[in-house]
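Before any comments, here is the structure.
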Amino acid sequence: MTLLETLLRGAGAIASYAAVGVILMIVGFYVIDLATPGRLSEVIRSQRNPNATLLASSAMAAVGLIVAASIWSSGGRLAEGLAGTAVFGLVGIVVQTLAMLLFDRVAGISVRDLVKEQELQPGARLLAVTHVAIGLITAVAVI
């Protein structure tokens with residue numbers, strides 16, 4: 001295989017993983033959007049809500065951790081790595097969503113109520129750390 005072929009193959013793999021990662025991040029964003037009142041992008045952009053921004057950002061970071069671990073664990077097998085990244089990313093999003101619902105029930109921390117507040121709330125910080133922790137746990141489980 002020539003250097004050019006190696007570079008093209010590598011660039012194609014990078015583009016493929018990036019596409020799967022972006023799709024997973026969009027899915028994760030819309031799942032958070034479903035849990036918040038109003039359109040999440042509007043709440044962040046126009047209302048400049050720090051709670052919604054922190055929750056969405058932490059969810060994106062968690063998905064990014066899962067995607068990175070999936071790529072790492074693929075061992076250079078592109079098709080298997082892409083499939084694993086998609087599946088493990090979706091599992092991570094589901095687990096994050098379940099954790100939000102669980103915290104809502106057990107700890108009484110409602111995402112819907114948090115994003116109505118205009119000042120950063122302790123509950124948003126807790127849920128944000130939970131998102132990242134679940135992403136990290138899922139990422140390590142992938143490896």
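Residue names in the structure tokens use chain letters A, B, ... in the order shown, residue numbers from 1 in each chain, and ligand numbers from 1 in the order shown.
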
* Asked: Within 12 Å of region 116-124 of chain A, counting only C-alpha atoms, which residues qualify if same-chain residues fewer than 2 places away don't, as a PyMOL selection string?
  -> chain A and resi 36-38+40+43-44+46-59+100+103-104+107-114+126-131

* To do: Find the residues near Val67 (chain A): any atom within 6 Å, counting only C-alpha atoms, skip ones fewer than 3 places away on the same chain, and give them as a list in words.
  =>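 Result of the neighbour search: Gly64, Ser70 and Thr85 of chain A.
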
* Hey, can you check how far CA of Gln96 (chain A) sits from CA of Tyr30 (chain A)? ->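 Separation of CA of Gln96 (chain A) and CA of Tyr30 (chain A): 12.7 Å.
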
* Asked: So, counting only C-alpha atoms, which residue among A:Met1, A:Ala18, A:Leu98, A:Ala61 is closest to Val31 (chain A)?
  ->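 Result for the nearest residue to Val31 (chain A): A:Leu98.
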
* Asked: Can you list, as a list in words, every protein, DNA or RNA residue that comes within 10 Å of Ala141 (chain A) when you count only C-alpha atoms, leaving out same-chain residues fewer than 4 positions away?
  -> Ile66, Ala69, Ser70, Phe88, Gly135, Leu136 and Ile137 of chain A

Same residues, all heavy atoms, output as a PDB file, in the first residue's frame:
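That gives us out-v3.pdb:
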```pdb
ATOM      1  N   ILE A  66     -17.665   8.552  25.146  1.00  0.00           N
ATOM      2  CA  ILE A  66     -18.075   7.225  24.665  1.00  0.00           C
ATOM      3  C   ILE A  66     -17.578   6.997  23.240  1.00  0.00           C
ATOM      4  O   ILE A  66     -17.059   5.925  22.922  1.00  0.00           O
ATOM      5  CB  ILE A  66     -19.605   7.064  24.759  1.00  0.00           C
ATOM      6  CG1 ILE A  66     -20.059   7.131  26.222  1.00  0.00           C
ATOM      7  CG2 ILE A  66     -20.048   5.749  24.116  1.00  0.00           C
ATOM      8  CD1 ILE A  66     -21.544   7.344  26.411  1.00  0.00           C
ATOM      9  N   ALA A  69     -13.779   6.395  23.311  1.00  0.00           N
ATOM     10  CA  ALA A  69     -13.450   5.054  23.811  1.00  0.00           C
ATOM     11  C   ALA A  69     -13.799   3.984  22.783  1.00  0.00           C
ATOM     12  O   ALA A  69     -13.064   3.000  22.631  1.00  0.00           O
ATOM     13  CB  ALA A  69     -14.195   4.789  25.121  1.00  0.00           C
ATOM     14  N   SER A  70     -14.884   4.172  22.078  1.00  0.00           N
ATOM     15  CA  SER A  70     -15.275   3.207  21.048  1.00  0.00           C
ATOM     16  C   SER A  70     -14.253   3.169  19.916  1.00  0.00           C
ATOM     17  O   SER A  70     -13.903   2.099  19.417  1.00  0.00           O
ATOM     18  CB  SER A  70     -16.659   3.548  20.491  1.00  0.00           C
ATOM     19  OG  SER A  70     -17.632   3.454  21.501  1.00  0.00           O
ATOM     20  N   PHE A  88     -22.727   1.732  21.217  1.00  0.00           N
ATOM     21  CA  PHE A  88     -22.335   2.161  22.560  1.00  0.00           C
ATOM     22  C   PHE A  88     -22.736   3.612  22.817  1.00  0.00           C
ATOM     23  O   PHE A  88     -23.108   3.974  23.935  1.00  0.00           O
ATOM     24  CB  PHE A  88     -20.829   1.977  22.770  1.00  0.00           C
ATOM     25  CG  PHE A  88     -20.385   0.547  22.663  1.00  0.00           C
ATOM     26  CD1 PHE A  88     -19.181   0.228  22.062  1.00  0.00           C
ATOM     27  CD2 PHE A  88     -21.166  -0.489  23.143  1.00  0.00           C
ATOM     28  CE1 PHE A  88     -18.755  -1.090  21.956  1.00  0.00           C
ATOM     29  CE2 PHE A  88     -20.759  -1.816  23.036  1.00  0.00           C
ATOM     30  CZ  PHE A  88     -19.550  -2.118  22.443  1.00  0.00           C
ATOM     31  N   GLY A 135     -20.949   8.951  31.180  1.00  0.00           N
ATOM     32  CA  GLY A 135     -20.189   8.863  29.943  1.00  0.00           C
ATOM     33  C   GLY A 135     -18.845   8.185  30.165  1.00  0.00           C
ATOM     34  O   GLY A 135     -18.415   7.331  29.386  1.00  0.00           O
ATOM     35  N   LEU A 136     -18.171   8.555  31.250  1.00  0.00           N
ATOM     36  CA  LEU A 136     -16.878   7.954  31.571  1.00  0.00           C
ATOM     37  C   LEU A 136     -17.015   6.470  31.910  1.00  0.00           C
ATOM     38  O   LEU A 136     -16.231   5.637  31.438  1.00  0.00           O
ATOM     39  CB  LEU A 136     -16.230   8.712  32.723  1.00  0.00           C
ATOM     40  CG  LEU A 136     -14.824   8.307  33.107  1.00  0.00           C
ATOM     41  CD1 LEU A 136     -13.872   8.445  31.930  1.00  0.00           C
ATOM     42  CD2 LEU A 136     -14.337   9.158  34.285  1.00  0.00           C
ATOM     43  N   ILE A 137     -18.022   6.127  32.699  1.00  0.00           N
ATOM     44  CA  ILE A 137     -18.272   4.716  33.047  1.00  0.00           C
ATOM     45  C   ILE A 137     -18.544   3.907  31.784  1.00  0.00           C
ATOM     46  O   ILE A 137     -17.984   2.824  31.579  1.00  0.00           O
ATOM     47  CB  ILE A 137     -19.442   4.606  34.048  1.00  0.00           C
ATOM     48  CG1 ILE A 137     -19.019   5.156  35.398  1.00  0.00           C
ATOM     49  CG2 ILE A 137     -19.931   3.156  34.166  1.00  0.00           C
ATOM     50  CD1 ILE A 137     -20.175   5.409  36.342  1.00  0.00           C
TER      51      ILE A 137
END
```

* Quick one: distance from CA of Val142 (chain A) to CA of Ala86 (chain A) in Å, one decimal? ->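 About the pair CA of Val142 (chain A) and CA of Ala86 (chain A): they are 11.8 Å apart.
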
* To do: Can you work out the spacing between CA of Glu42 (chain A) and CA of Met60 (chain A) in Å, to one decimal?
  => 17.1 Å

* Which one of A:Val140, A:Phe29, A:Arg105, A:Ser16 sits closest to Trp72 (chain A) if you count only C-alpha atoms? ->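 Using only C-alpha atoms, Trp72 (chain A) sits closest to A:Val140.
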
Selection near Leu24 (chain A), 8 Å with only C-alpha atoms, sequence-local residues under 6 positions removed, as a PDB file with N, CA, C and O atoms, in the first residue's frame:
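The resulting file, out.pdb, is shown below:
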```
ATOM      1  N   VAL A  63     -21.107  11.987  25.605  1.00  0.00           N
ATOM      2  CA  VAL A  63     -21.179  11.275  24.323  1.00  0.00           C
ATOM      3  C   VAL A  63     -19.799  11.267  23.670  1.00  0.00           C
ATOM      4  O   VAL A  63     -19.361  10.250  23.126  1.00  0.00           O
ATOM      5  N   ALA A  86     -21.597   3.470  17.255  1.00  0.00           N
ATOM      6  CA  ALA A  86     -23.015   3.805  17.157  1.00  0.00           C
ATOM      7  C   ALA A  86     -23.816   3.150  18.278  1.00  0.00           C
ATOM      8  O   ALA A  86     -24.609   3.809  18.964  1.00  0.00           O
ATOM      9  N   GLY A  89     -22.685   4.443  21.801  1.00  0.00           N
ATOM     10  CA  GLY A  89     -23.129   5.822  21.952  1.00  0.00           C
ATOM     11  C   GLY A  89     -24.609   5.912  22.264  1.00  0.00           C
ATOM     12  O   GLY A  89     -25.029   6.652  23.155  1.00  0.00           O
ATOM     13  N   LEU A  90     -25.408   5.134  21.558  1.00  0.00           N
ATOM     14  CA  LEU A  90     -26.855   5.117  21.831  1.00  0.00           C
ATOM     15  C   LEU A  90     -27.154   4.568  23.219  1.00  0.00           C
ATOM     16  O   LEU A  90     -28.021   5.088  23.924  1.00  0.00           O
TER      17      LEU A  90
END
```

Residue set, chain A restricted to helix (DSSP H, G or I), as a PDB file with C-alpha atoms, in the first residue's frame:
```
ATOM      1  CA  LEU A   3       1.633   6.368   1.359  1.00  0.00           C
ATOM      2  CA  LEU A   4      -1.194   8.077  -0.506  1.00  0.00           C
ATOM      3  CA  GLU A   5      -3.457   5.024  -0.126  1.00  0.00           C
ATOM      4  CA  THR A   6      -2.645   4.850   3.583  1.00  0.00           C
ATOM      5  CA  LEU A   7      -3.419   8.533   4.028  1.00  0.00           C
ATOM      6  CA  LEU A   8      -6.670   8.289   2.091  1.00  0.00           C
ATOM      7  CA  ARG A   9      -7.759   5.231   4.065  1.00  0.00           C
ATOM      8  CA  GLY A  10      -6.935   7.002   7.336  1.00  0.00           C
ATOM      9  CA  ALA A  11      -8.727  10.170   6.276  1.00  0.00           C
ATOM     10  CA  GLY A  12     -11.777   8.132   5.323  1.00  0.00           C
ATOM     11  CA  ALA A  13     -11.791   6.416   8.721  1.00  0.00           C
ATOM     12  CA  ILE A  14     -11.490   9.761  10.508  1.00  0.00           C
ATOM     13  CA  ALA A  15     -14.352  11.224   8.478  1.00  0.00           C
ATOM     14  CA  SER A  16     -16.499   8.141   9.160  1.00  0.00           C
ATOM     15  CA  TYR A  17     -15.909   8.215  12.920  1.00  0.00           C
ATOM     16  CA  ALA A  18     -16.482  11.969  12.979  1.00  0.00           C
ATOM     17  CA  ALA A  19     -19.799  11.543  11.151  1.00  0.00           C
ATOM     18  CA  VAL A  20     -20.976   8.877  13.611  1.00  0.00           C
ATOM     19  CA  GLY A  21     -19.824  11.045  16.528  1.00  0.00           C
ATOM     20  CA  VAL A  22     -21.650  14.119  15.248  1.00  0.00           C
ATOM     21  CA  ILE A  23     -24.820  12.103  14.653  1.00  0.00           C
ATOM     22  CA  LEU A  24     -24.647  10.730  18.213  1.00  0.00           C
ATOM     23  CA  MET A  25     -24.110  14.200  19.632  1.00  0.00           C
ATOM     24  CA  ILE A  26     -27.133  15.489  17.699  1.00  0.00           C
ATOM     25  CA  VAL A  27     -29.222  12.571  18.994  1.00  0.00           C
ATOM     26  CA  GLY A  28     -28.007  13.295  22.541  1.00  0.00           C
ATOM     27  CA  PHE A  29     -28.878  16.965  22.162  1.00  0.00           C
ATOM     28  CA  TYR A  30     -32.407  16.164  20.997  1.00  0.00           C
ATOM     29  CA  VAL A  31     -32.926  13.696  23.836  1.00  0.00           C
ATOM     30  CA  ILE A  32     -32.048  16.485  26.291  1.00  0.00           C
ATOM     31  CA  ASP A  33     -34.331  18.753  24.251  1.00  0.00           C
ATOM     32  CA  LEU A  34     -37.243  16.363  24.885  1.00  0.00           C
ATOM     33  CA  ALA A  35     -36.629  16.596  28.637  1.00  0.00           C
ATOM     34  CA  LEU A  40     -33.410  23.633  23.973  1.00  0.00           C
ATOM     35  CA  SER A  41     -31.504  25.606  21.340  1.00  0.00           C
ATOM     36  CA  GLU A  42     -33.842  28.556  21.894  1.00  0.00           C
ATOM     37  CA  VAL A  43     -33.541  28.292  25.694  1.00  0.00           C
ATOM     38  CA  ILE A  44     -29.740  28.364  25.365  1.00  0.00           C
ATOM     39  CA  ARG A  45     -29.412  30.936  22.574  1.00  0.00           C
ATOM     40  CA  PRO A  50     -27.079  28.520  32.295  1.00  0.00           C
ATOM     41  CA  ASN A  51     -28.799  25.368  33.588  1.00  0.00           C
ATOM     42  CA  ALA A  52     -29.868  24.217  30.130  1.00  0.00           C
ATOM     43  CA  THR A  53     -26.422  25.089  28.750  1.00  0.00           C
ATOM     44  CA  LEU A  54     -24.620  23.120  31.464  1.00  0.00           C
ATOM     45  CA  LEU A  55     -26.861  20.069  31.049  1.00  0.00           C
ATOM     46  CA  ALA A  56     -26.542  20.056  27.263  1.00  0.00           C
ATOM     47  CA  SER A  57     -22.770  20.627  27.431  1.00  0.00           C
ATOM     48  CA  SER A  58     -22.211  17.818  29.903  1.00  0.00           C
ATOM     49  CA  ALA A  59     -24.319  15.452  27.808  1.00  0.00           C
ATOM     50  CA  MET A  60     -22.233  16.318  24.736  1.00  0.00           C
ATOM     51  CA  ALA A  61     -19.003  15.733  26.700  1.00  0.00           C
ATOM     52  CA  ALA A  62     -20.299  12.347  27.860  1.00  0.00           C
ATOM     53  CA  VAL A  63     -21.179  11.275  24.323  1.00  0.00           C
ATOM     54  CA  GLY A  64     -17.740  12.445  23.202  1.00  0.00           C
ATOM     55  CA  LEU A  65     -16.083  10.238  25.842  1.00  0.00           C
ATOM     56  CA  ILE A  66     -18.075   7.225  24.665  1.00  0.00           C
ATOM     57  CA  VAL A  67     -17.245   7.889  21.011  1.00  0.00           C
ATOM     58  CA  ALA A  68     -13.534   8.299  21.801  1.00  0.00           C
ATOM     59  CA  ALA A  69     -13.450   5.054  23.811  1.00  0.00           C
ATOM     60  CA  SER A  70     -15.275   3.207  21.048  1.00  0.00           C
ATOM     61  CA  ILE A  71     -12.741   4.387  18.501  1.00  0.00           C
ATOM     62  CA  TRP A  72      -9.881   3.430  20.822  1.00  0.00           C
ATOM     63  CA  SER A  73     -11.268  -0.055  21.361  1.00  0.00           C
ATOM     64  CA  LEU A  78     -13.286   0.239  10.784  1.00  0.00           C
ATOM     65  CA  ALA A  79     -16.666  -1.452  10.195  1.00  0.00           C
ATOM     66  CA  GLU A  80     -16.673  -3.056  13.649  1.00  0.00           C
ATOM     67  CA  GLY A  81     -15.498   0.197  15.230  1.00  0.00           C
ATOM     68  CA  LEU A  82     -18.213   2.273  13.564  1.00  0.00           C
ATOM     69  CA  ALA A  83     -20.924  -0.200  14.552  1.00  0.00           C
ATOM     70  CA  GLY A  84     -19.615  -0.336  18.116  1.00  0.00           C
ATOM     71  CA  THR A  85     -19.418   3.434  18.316  1.00  0.00           C
ATOM     72  CA  ALA A  86     -23.015   3.805  17.157  1.00  0.00           C
ATOM     73  CA  VAL A  87     -24.365   1.131  19.512  1.00  0.00           C
ATOM     74  CA  PHE A  88     -22.335   2.161  22.560  1.00  0.00           C
ATOM     75  CA  GLY A  89     -23.129   5.822  21.952  1.00  0.00           C
ATOM     76  CA  LEU A  90     -26.855   5.117  21.831  1.00  0.00           C
ATOM     77  CA  VAL A  91     -26.590   2.991  24.990  1.00  0.00           C
ATOM     78  CA  GLY A  92     -24.825   5.879  26.720  1.00  0.00           C
ATOM     79  CA  ILE A  93     -27.544   8.314  25.679  1.00  0.00           C
ATOM     80  CA  VAL A  94     -30.236   5.946  26.967  1.00  0.00           C
ATOM     81  CA  VAL A  95     -28.401   5.470  30.283  1.00  0.00           C
ATOM     82  CA  GLN A  96     -27.993   9.246  30.684  1.00  0.00           C
ATOM     83  CA  THR A  97     -31.693   9.743  30.033  1.00  0.00           C
ATOM     84  CA  LEU A  98     -32.637   7.064  32.546  1.00  0.00           C
ATOM     85  CA  ALA A  99     -30.304   8.637  35.107  1.00  0.00           C
ATOM     86  CA  MET A 100     -32.006  12.018  34.627  1.00  0.00           C
ATOM     87  CA  LEU A 101     -35.401  10.415  35.142  1.00  0.00           C
ATOM     88  CA  LEU A 102     -34.106   8.519  38.173  1.00  0.00           C
ATOM     89  CA  PHE A 103     -32.678  11.659  39.743  1.00  0.00           C
ATOM     90  CA  ASP A 104     -35.986  13.367  39.076  1.00  0.00           C
ATOM     91  CA  ARG A 105     -37.798  10.648  41.052  1.00  0.00           C
ATOM     92  CA  VAL A 106     -35.268   9.830  43.781  1.00  0.00           C
ATOM     93  CA  VAL A 111     -34.690  18.951  34.574  1.00  0.00           C
ATOM     94  CA  ARG A 112     -37.888  20.680  33.495  1.00  0.00           C
ATOM     95  CA  ASP A 113     -37.841  22.840  36.627  1.00  0.00           C
ATOM     96  CA  LEU A 114     -34.098  23.520  36.404  1.00  0.00           C
ATOM     97  CA  PRO A 122     -26.937  23.158  42.372  1.00  0.00           C
ATOM     98  CA  GLY A 123     -29.164  20.469  40.822  1.00  0.00           C
ATOM     99  CA  ALA A 124     -27.878  21.354  37.342  1.00  0.00           C
ATOM    100  CA  ARG A 125     -24.310  20.948  38.576  1.00  0.00           C
ATOM    101  CA  LEU A 126     -25.146  17.553  40.049  1.00  0.00           C
ATOM    102  CA  LEU A 127     -26.845  16.345  36.869  1.00  0.00           C
ATOM    103  CA  ALA A 128     -23.972  17.660  34.744  1.00  0.00           C
ATOM    104  CA  VAL A 129     -21.413  15.708  36.767  1.00  0.00           C
ATOM    105  CA  THR A 130     -23.706  12.685  36.571  1.00  0.00           C
ATOM    106  CA  HIS A 131     -23.786  12.968  32.761  1.00  0.00           C
ATOM    107  CA  VAL A 132     -20.006  13.075  32.522  1.00  0.00           C
ATOM    108  CA  ALA A 133     -19.597  10.251  35.065  1.00  0.00           C
ATOM    109  CA  ILE A 134     -22.019   8.020  33.161  1.00  0.00           C
ATOM    110  CA  GLY A 135     -20.189   8.863  29.943  1.00  0.00           C
ATOM    111  CA  LEU A 136     -16.878   7.954  31.571  1.00  0.00           C
ATOM    112  CA  ILE A 137     -18.272   4.716  33.047  1.00  0.00           C
ATOM    113  CA  THR A 138     -19.709   3.743  29.673  1.00  0.00           C
ATOM    114  CA  ALA A 139     -16.457   4.690  27.931  1.00  0.00           C
ATOM    115  CA  VAL A 140     -14.358   2.535  30.269  1.00  0.00           C
ATOM    116  CA  ALA A 141     -16.822  -0.334  29.870  1.00  0.00           C
ATOM    117  CA  VAL A 142     -16.312  -0.091  26.102  1.00  0.00           C
TER     118      VAL A 142
END
```
